[in-house]
Each structure stands twice: as C-alpha cells, then as structure tokens.
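Colleague: Below are the structure tokens for one structure; questions will follow.
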Amino acid sequence: RRFPDFSYITQNGRLTDFLDCVIISHFHLDHCGALPYFSEMVGYDGPIYMTHPTKAICPILLEDYRKITVDKKGETNFFTSQMIKDCMKKVVAVHLHQTVQVDEELEIKAYYAGHVLGAAMFQIKVGCESVVYTGDYNMTPDRHLGAAWIDKCRPDLLISESTYATTIRDSKRCRERDFLKKVHETVERGGKVLIPVFALGRAQELCILLETFWERMNLKAPIYFSTGLTEKANHYYKLFITWTNQKIRKTFVQRNMFEFKHIKAFDRAFADNPGPMVVFATPGMLHAGQSLQIFRKWAGNEKNMVIMPGYCVQGTVGHKILSGQRKLEMEGRQILEVKMQVEYMSFSAHADAKGIMQLIRQAEPRNVLLVHGEAKKMEFLKQKIEQEFHVSCFMPANGETTTILTNPCIPVDISLGLLKRETAIGPLPDAKKPKLMHGTLLMKDNSFRLVSPEQALKELGLAEHQLRFTCRVHIQDPRKEHETVLRVYNHLKGILKDYSVQHLPDGSITVESILIQATAHSEDQGTKVLLVSWTYQDEELGSYLTSLLKKGLPQST
Amino acid sequence: FFQYCLSGHPTLPCNVLKFKSTTIMLDCGLDMTSTLNFLPLPLVQSPRLSKLPGWVLKDGSTFLDKELKECSGHVFVDSVPEFCLPETELLDLSTVDVILISNYHCMMALPYITEYTGFTGTVYATEPTVQIGRLLMEELVNSIERVPKAQSASMWKNKEVQRLLPAPLKDAVEVSMWRKCYTMPEVNAALSKIQLVGYSQKIELFGAVQVTPLSSGYALGSSNWIIQSHYEKVSYVSGSSLLTTHPQPMDQASLKNSDVLILTGLTQIPTANPDGMVGEFCSNLAMTVRNGGNVLVPCYPSGVIYDLLECLYQYIDSAGLSNVPFYFISPVANSSLEFSQIFAEWLCHNKQTKVYLPEPPFPHAELIQTNKLKHYPSIHGDFSNDFKQPCVVFTGHPSLRFGDVVHFMELWGKSSLNTVIFTEPDFSYLDALAPYQPLAMKCVYCPIDTRLNFIQVSKLLKEVQPLHVVCPEQYTQPPPTQSHRTDLMVDCQPPAMSYRRAEVLTLPYKRRYEKIEIMPDLADSLVPLEIKPGISLATVSAVLHTKDNKHVLQLPPKPPQPPASKKRKRVSDDVPECKSLKPLLSGSIPMDQFVQTLEKHGFSDVKVEDTAKGHIVLLQEAETLIQLEEDSTHIICDNDEPLRVKLRDLVLKFLQKF
C-alpha cells in the first residue's frame, strides 16, 4: 500500500464530516505525500493548514513525486497534477504564533520547529484542553535554520516524533569537520566527490558549509549543483529568509547566504571533465535520475568519493552501497563495480533524546505520546521520560487507540459584585488564609454564571424563605431581669471577642443579628427565660449561643 | 478606564490607556512638522542659505539675527532641526507596562520614551514594522548627524521672545519641549526592547488583558490592536487602508463587538483619490523628462515608494521612458529594497502567489536587474560618477529640511524644466518649499494617502458597530479650511468622543462579570438542581484563590478533626471562627405533607391551627410551636438542641437552597 489507510478515520462516511481540519507540519513527503490522494481521491473538503513556506514548496515536491511515480515508473491510480492544484486550493497558510480559529471552539497555533524551511509544531486547543503535535523538529540550530522553540503552554498531551530516540548525537561541529576533511582530501588528490541530495533541506545546509569552506581555504575546484529544482529551491530560501536562523537573517542585506559564489549550475557534460570537482545531485538515495547517472560514471575510479548525507530506503543503490555491496547489477544485466569510496554522514535534522527531553521541559505537558521510531529505543526513552518528568508516556502501534484522561477546569462567569464582595471580606486580606466564598451557580443552556444567592433568587423571580428559630433558655438567677440581662451581656462580651455584642436600650441583647430577650418565668421568679432568636443564616452562632447559655452564667460577676 | 492623550497629531498618535490594572501606550508617534520652522541642512554649504538676512524685530532690535533668518517673507530658525515629542508630564511614563506599535511611521518617538522616562516594559510590534522602522530611524539619524551644525538656537524659545515672533513660530506649541534627534545607540537600545509578534497572535499581559495585532492594510506589517479582557473589548484602529496596494488586506471582522473603538490615523488628504494621484504622478513625471527636465520625488525610504516603483515599472516602456535613469538615494535604500522582498507573509494575496512561484514579490527587483533603477547610499561616491540627466530621483526627507533632497532642491530649483513632485502627505508642500523661495522649478502636489477616508470610516463603523467611538478632536469637525464640508468628519451614533493633546478621557464601559475557573474536584462535588425547565443551579461554597489576576475556586479544606485526646475544652475554644455562610432558602412548605412528615418522624400529637397568613403547627408534648407562612417559617422551642436540629432538617427538606 502506497498511501496511509484512511479508513481508520471512517469506514462509511465522508472524511469532511469526521475531521475539523488537517494540519501539515512540513513539506517532506512522509508528512504530506498523500495529501492530494486524501483530499481529492478519498475526498476531503475541509480546511488544510500549513505555513507559508510549506504551502509554497509542498506542491512542487508533490508534482515531482507524481512525475517519478507515474511518468517514469508508469504507475496508475495516482493523483494527477490537477488534483495537486485542487488540493492546494483548500490550503490556508498560517503565520507563526498566529491563533487560527478553526471553528467556534477549536483553535490552532504554529511554533517554529527547525528541521526544514517552514517546519512547524502545532498547538491544538479547545477550551482549556490542548495537544501539541511536533511533526519533525530539531532542537539545535544548524547552518541555515534555527532551533525549535515552544513556550510553557502546558498541553494535556505532547505528541513528539522520536526518530532518534536514544541517540545522543556527537556534536554537529565534529560531523561538519569530518565532512569537510573528506571532501577536501578527495579534491586535493584530484578525485571527484558526488553528494546525492534532495533538492530542499540538507542540500542548502551543505552548500553553505562548502561555500564558506571554499572561501576560507581559497579552493579552486568547481562545485556544481544539479539543475532542476535546486536553483528554484535556493530562491525559496532567499524569499523566506525570515524562516532561517538569526545569523543569516541579520546579514542578508549585505550578503545573501543563498546566493552562492562558488557553487554553479551543473551541466551533464561536466561529469566527463578531467580534474577534481564536487557535485550535488538529486535524488538523494541514488535510485534514479542525475545522481545515479553520475554515480555510474565515477564509480569505477578509487580516487573518487560518494558521500551519502542521509538515510536510504532498502532496495535503492544508496542502501546497497552503504551496506557494503561493491558489485551492483544495473539494467541490462550490466555489472557495475564500485571502486570509489563510500561514506555515510548523517545530517538529517531530527531532535535526539536530549532534544526531546528539552522540548518536554519547555512545554511541560501532562502526557507524552511518542510516534515514529524503533520500538525498543522508544521504550527506553519512554521510561526515561516517565522517570524524569513523572508524566505518563505512551507509544501506540499503528492502528492502536490511546485514551488519555484530562481533568479540565470549568470556566464560569462570576458576577463582579460577588467577586468584589468576597475579595473585600475579612478585616485584612490575609494571603495565607483562604477566602471562603458562597455563591449560586446558574446553568442555563451552555452558560455558567456564578452569582450571589440574592441575585440568583431575583433572577429566577423567587422570594426568599426565612427560617427562624427561637429557643427558650432557662437560667437560674434570682436577680432582677435587667440585672440578669447585664450579666448575660458581660458574659457574652467576654467570650465573643470577635463579634459585635450590643446591649440595646429596650433591654435586649444582640450578637451580630441574633436577638436575646429575657423575661421572668411566669411561675418561678428565680428562673429567667432567655429567648434566643436567629435565622438559618446564623445557624452556627445561634446554636452555639444556646448551648453556651444553657451552661449557665459564671458565678462571679 | 482612562485614556491619556500625549500627541495632538491625529496621524502620529501617542495615547496611554489604563485598563484593568495595566498601563498600555498605543503608538509612539513623533510630530516632525516642527522641523518646517527650521532652515534646511545642506550637505555642502549653500551660498544662498548662508547669505539669508537675519531677522530683525519691528522695533529694530537685532538680538535674534543669529538664530532667526528670513527668506521670502518667512522666518526660520537657523539651528539643528528639532522634533515635537509626545507629552511627558501628563502621567509618569515609567509606569507604562507595554507599548503597542501599529506601524513603522508611528514608532519614531520610541527612543525618547524608552530611553528617557525610566520605561522598563516591553514594546510589541510586527517584524516588518521593526525592520522598516529601524531603517526610517537610521535614515533620520544619518541625515542629521552627517551635517554637524555648530549652532543650537534656544533664545527664540523664551516665552517672552516667542510672543514677538511672526506666525507660525509665534503659535508653535510646547517649544521648550522640542528635542534634537536621538542617536543610533539610543535607537538600538530602544529597538532591543521590542518583542516581535504576528497577526492574530494572542499576547497575555499579566493575566488581566489580552492584546492581539490585526492586519490593518496600510503598510508592511501595519496592525490595528485588540485590547480585551473576557468582558470588554477595545479596538485600536490606527493607520488602516481598504485599498489594494502591497500589504495584506485589513482584517475588519475581528473588530466587531467592540465596546470602545479608538480611531486614529485617517487619511490626511480626504479630498484626494490615491489612484488619481498616482496617475497624475506618472504623467507629470513623463512630461518633465520628455522636455529634458529632471524629476525630484521627496519620499520616505519605504512604503508608497514600492507602489510608485511598481506603477513606473508598468508605465515606463509605454511612456517611452526606458532610457531614463531612476535613482533611489538613501543610506537605507538597499536595505529597504531587499527587506521588501522577504516579507511574503505580510503581503497581499497576489504578491504572495508570486513568491510561491518563486519570484520576488515586487517588480523593483527587475528594475534593478535591468539597470533601470539604481540605488545609492548617498550622493557621494558611486552616484556622482553614474549621475546622468535628465533623470528621476527618489530621496528623503519629505520635509525638505535634511537628507539629500536638500542638495537636489538647491541644484534643480533654478530651472523651470525641472519638477518636484510631492507624494508624501505628512507635510504641507507650501511650507516645505518656503525656505527655497523664490523657486523656478515646477511643483506638483500628488499626495498619496491610502489611509481610510470618511466614507470608508462610516462604512466600517456600520459594519463593526462599536458601542462607543473615540477619536482625535480634528475628526469631529470639518477641516478648518473646508468648514462647509460636513462630510469630512466622523459621523456615528452615539457621537464620537473626542480627545486632544494633554487631555485625559474617561472611557465609558460597564462590566458586570469576570472569568473564574472551577477546579475539577470542586465541580465534581456540586449538586445541580433543575429549578425551572432548562435552568439548573448549584450552591457553591468554595475557597477563592487569586493569583496573577486569575481567579480559581477550589474545594474548601476539610475542617481539621479535633484531636481525640483533647483535655478539658475551654469554652472559648468552641467559638465559631468566622461567620460561615449558610445558603439562602426559597420555596414554601406544603402544610399537609409537612404534618405527615412530622408524624412519620414520631411526633404523634401534632395540632394545626389556621392563622391569617398561614398555619401554626403545635407539638404539644415538646412545647414547640412552628409558624408556617408563605415565605417564612419560625420554630419556637425549648432549649432542646437535638429536637431543634431534627425539626430544622425536616423543614429544610421542603426548601431549595441558594
């Protein structure tokens, strides 16, 4: 099967009904190669989001892909040029950090991912729940791109690629020095260097590397770039220079790093020229086209060298020579003997284990899900993540569904009156002491409003029901009524220091809004009856007062 | 909330908004019209300018003749040109938290604010705004610093002296506050305080306010700003355009539902149609060159010049001007042309599509490639070798007071074959030309101001419907020179509130709600009750936490269990600590059911009496009396707490809690 199995999304229904949007993280074909098939052949009419450089470059790579597959290999049941065009019409370009409102609830936001020109990570958010999908990213800046960056957005889930799950790669500088040394040595002894590349991405980085080296060492051997996409590609880098690293952006007015002085367009005839030269040629895995043609010409000479700067798929010439094969069977049973030196040098820009951990530290996710990589290595990384960050980490296989529980807060509207009242309560705003608030949550349709109980009653057109208690407390006290009252007053005043206790002119006592009145017992003059009266709102204090008074008054006055 | 107005210039605004405990400066415009009162700064000494007579007072006193010179009936200050700064006394500018920049023309006072007022906050602007703003500042500093002037006039600023001067010097405002140009280190320091933002990016300020830039369609990276909390929305519209030129179109939809819309930066030439002006520009240019004359276009190094070059690109071949050299002279000419090509994401759709091809979005790349357009950092060096006449020169500054334009005015002013074409609308062309009079050169005025005109404003306001409009006072009345044109003012309902320099305006708004978050465990504990169809309620007793202006409700902590081995309790230990709030009650108690319930709970001697307003329930043995009325219940009993609590709970069963 050439394309992903989209029946996982829905078996019997239109994709458009099941998906709110499609996000493309960058232009590599393993990330967007099935897009026209998906939108035009399976059928999807919703929005497709990608960054401007991706939108610019992706249709070119798709067309290239189509040409190789259909025109050269003669495959059918593939998307057409028109389908690519129609598909691209559904694409909405996004800026970095722009919040794109997909619908009323769903919003997405792109972050810089490094990796290739225009690569982005996406935050996907509904309410206060969010997911970050990284696509491919690179946490260390290289010769032409910056490092991925994300803010502390605390997503519920971070979906990260883990291509280099355990590799902590040696420093980039070492690899670069190694590369330059090998190229230099070959050229010095008069050999030819072939570097099979893909038109966009690593090619530009290596060109910058060689260009500056040639400049510094004042070398004269010619460097060529095979024509076609590549010249165009350099144009993209020039026009989207704001997506490159800071150094290139800063100096571009004086010197545009993508206008190469030493690197010239390649012509087929140059391959037979005598003397040393360096040629960048497409495609990158030596499976067809110009790079393969040049390889056949140069393979027989041990002075020459081929440098593979990236991964090669099984079955390609690139893969064969990297695994040590030195006799290759070409078309027409011809045997090609490889005498030239073969070097592999990884320049692909993925985050290594250190980088992945670094991104987790930046974003502070509550869960991590790893995709893309070898299961064993991922298992190791998963354990490391769970140990270091104490978050759950998942690594589902293809077709497996992972369910992750979230625990979102519920945002509600609080009436300003209630909030102000609650923040104003208490003599001093004590930061340590939590403020207790009491309100009524009104839920109507989808709106949640927290208001004061009084307002809730009013809004619902309901009257308050007052619940009042009056308790008779008997006290043995032979003194006159007003003296009893005074004793009660002094007693309460002494105990309830934080409350307002008042002795009113009419002979009654109030504690806050609780009323205490004294009458003589109708039969027993030595017993006084205290009527303690309070409303339900003062329940605790009222209950406390009656039990306090029940214990009687202290002997000494 | 309040708005402090610090600049009286409606297109170079500087306002400060106090909004929900944040202090936000909106734009930082520098009023450069003050420079029109000064003599031009020629690169090489101009015999004409140096021979101008000193100005003599009516009474014959000559003490000002060193500072003031007279030229064709106008008086000019012979000194380094100075700028009119935004008001710095109206409020303490060190309290400003953030500065929002809407476009590169509106940030020219930034170094004065960030470097001299104790400002410690952050400035927000888009990348093109910062890059091109830097170029404008660089050009300004460069053109003033390269001609050091020994003299710095200050005597004329004395209030007593200024009174005696002729207009317009007499009426110039706040001359004591005028300042010399800043330096490059100050520019760099100011720009380092800027944080780059993209359109529709939401930026949180202290958790209280969210600000978002929106495309305003006027220039590369130009933005309007939304300043909002959950419940209020202020739109700041500054320098917007609905015309299709090179920038991304204006985002109008996002301005909807504003409580307040602050409207600044409208067109300065409401009567001129930009398209017509461009046409006139081209035909005047062609005519002059065909007659063997030179054309001088005083301009800024970025902005309208891109559009003019694009028009010329389409026009020159058909007009037979292919062999006429076009020169663009500015210390930042190269940077400006290069920068314009790399901001694909900030351009209109057509230009974006070109980048996808990939081709440079602006055709001036081709003009440069074919050698039709040449650019130079200054008139020195290569330019003097390449210079061929007749030609067209684009150069600054549009005020004609400094920059290489001064040289060309002196060089070409004496010939009527030559033409100066004014396209920038910021300066009155008559005032700009005053120190060059008498002048033989032709003058053509084609101001191109793509900002909103009043017809577009009223359409926009109808579309987005803000509750209130706030604008500079100049927009609430017809222009002084055309007082009959009542169509040349902002017309809306309710009428726009106006502000003027050094004035504080209280903006109307009513806020009744705030956002608060309920923690999941608290939410789980709530028991909603459907009270009416579709309306549910739940009483919430919770702990309020407020941090960074965000409010969160959490479950109240469980009351600490009293330690089991507690010794004799002191009475006061039990005093309820603080008033714990009980919910309000609502509903009424159905008599019959209540009696049944009482009986079910073991009260066998229930007796009911009717009263005027309800009933009295008597529990004879317990000597307890319960008064039931529509909206109240009164339980009167002996001090028997278990009984009271039992009755209380039975009553509560019939009532709803709030």
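Here, A, B, ... name the chains of the structure tokens in the order displayed, residue numbers run from 1 inside each chain, and ligands are numbered from 1 in the same displayed order.
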List the neighbours of Lys180 (chain B) out to 7 Å using only C-alpha atoms; skip same-chain residues closer than 5 positions along the sequence, and give me the result as a PyMOL selection string.

Modeller: chain B and resi 81-83

Colleague: Which residues of chain A are close to chain B, meaning at most 7 Å apart when you count only C-alpha atoms, and how do they look as an MDAnalysis selection string?

Modeller: chainID A and resid 52 56 95:99 232 235:236 239:242 253 407:416 434:445 453 462:473 495 537 541 546

Colleague: Write out as number ranges by chain all residues of region 394-602 of chain B that backbone DSSP assigns to strand (DSSP E).

Modeller: B: 394-395, 419-422, 442-445, 468-472, 497-499, 504-506, 513-518, 529-532, 535-547, 550-554, 585-586

Colleague: Residues within 12 Å of Ala253 (chain B), please, as a ChimeraX atom specification. Count only C-alpha atoms; anything in the same chain fewer than 4 positions from it doesn't count.

Modeller: /B:200,214-216,226,235,249,257-258,460-466

Colleague: From a backbone DSSP assignment, name each residue in region 290-515 of chain B labelled alpha helix (DSSP H), as an MDAnalysis selection string.

Modeller: chainID B and resid 290 304:315 333:340 349:356 364:369 382:386 405:412 429:433 454:464

Colleague: Go ahead and compute the interatomic distance for CA of Val75 (chain B) and CA of Leu411 (chain B), in Å to one decimal.

Modeller: 22.5 Å

Colleague: In Å, with one decimal, what is the gap from CA of Asp524 (chain B) to CA of Arg449 (chain A)?

Modeller: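 A separation of 16.7 Å between them.
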
Colleague: If we count only C-alpha atoms, what is near Asp92 (chain B) at a cut-off of 9 Å, once residues fewer than 4 positions away on the same chain are taken out, given as JSON, numbers by chain?

Modeller: {"B": [88, 96, 117]}

Colleague: Those same residues, written as an mmCIF file, in the first residue's frame with N, CA and C atoms?

Modeller:
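Once everything was written out, this is again-v8.cif:
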```cif
data_model
loop_
_atom_site.group_PDB
_atom_site.id
_atom_site.type_symbol
_atom_site.label_atom_id
_atom_site.label_comp_id
_atom_site.auth_asym_id
_atom_site.auth_seq_id
_atom_site.Cartn_x
_atom_site.Cartn_y
_atom_site.Cartn_z
ATOM 1 N N THR B 88 5.170 64.448 28.117
ATOM 2 C CA THR B 88 5.795 63.539 29.088
ATOM 3 C C THR B 88 5.375 63.859 30.512
ATOM 4 N N VAL B 96 4.374 52.884 32.459
ATOM 5 C CA VAL B 96 3.816 52.228 31.269
ATOM 6 C C VAL B 96 4.320 50.785 31.215
ATOM 7 N N THR B 117 12.532 58.031 30.048
ATOM 8 C CA THR B 117 11.442 58.185 31.011
ATOM 9 C C THR B 117 11.482 57.146 32.117
#
```

Colleague: With distances taken over only C-alpha atoms, which of B:Pro495, B:Pro247, B:Pro363, B:Gly265 is nearest to Gly303 (chain B)?

Modeller: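 Smallest separation from Gly303 (chain B) among the options: B:Pro247.
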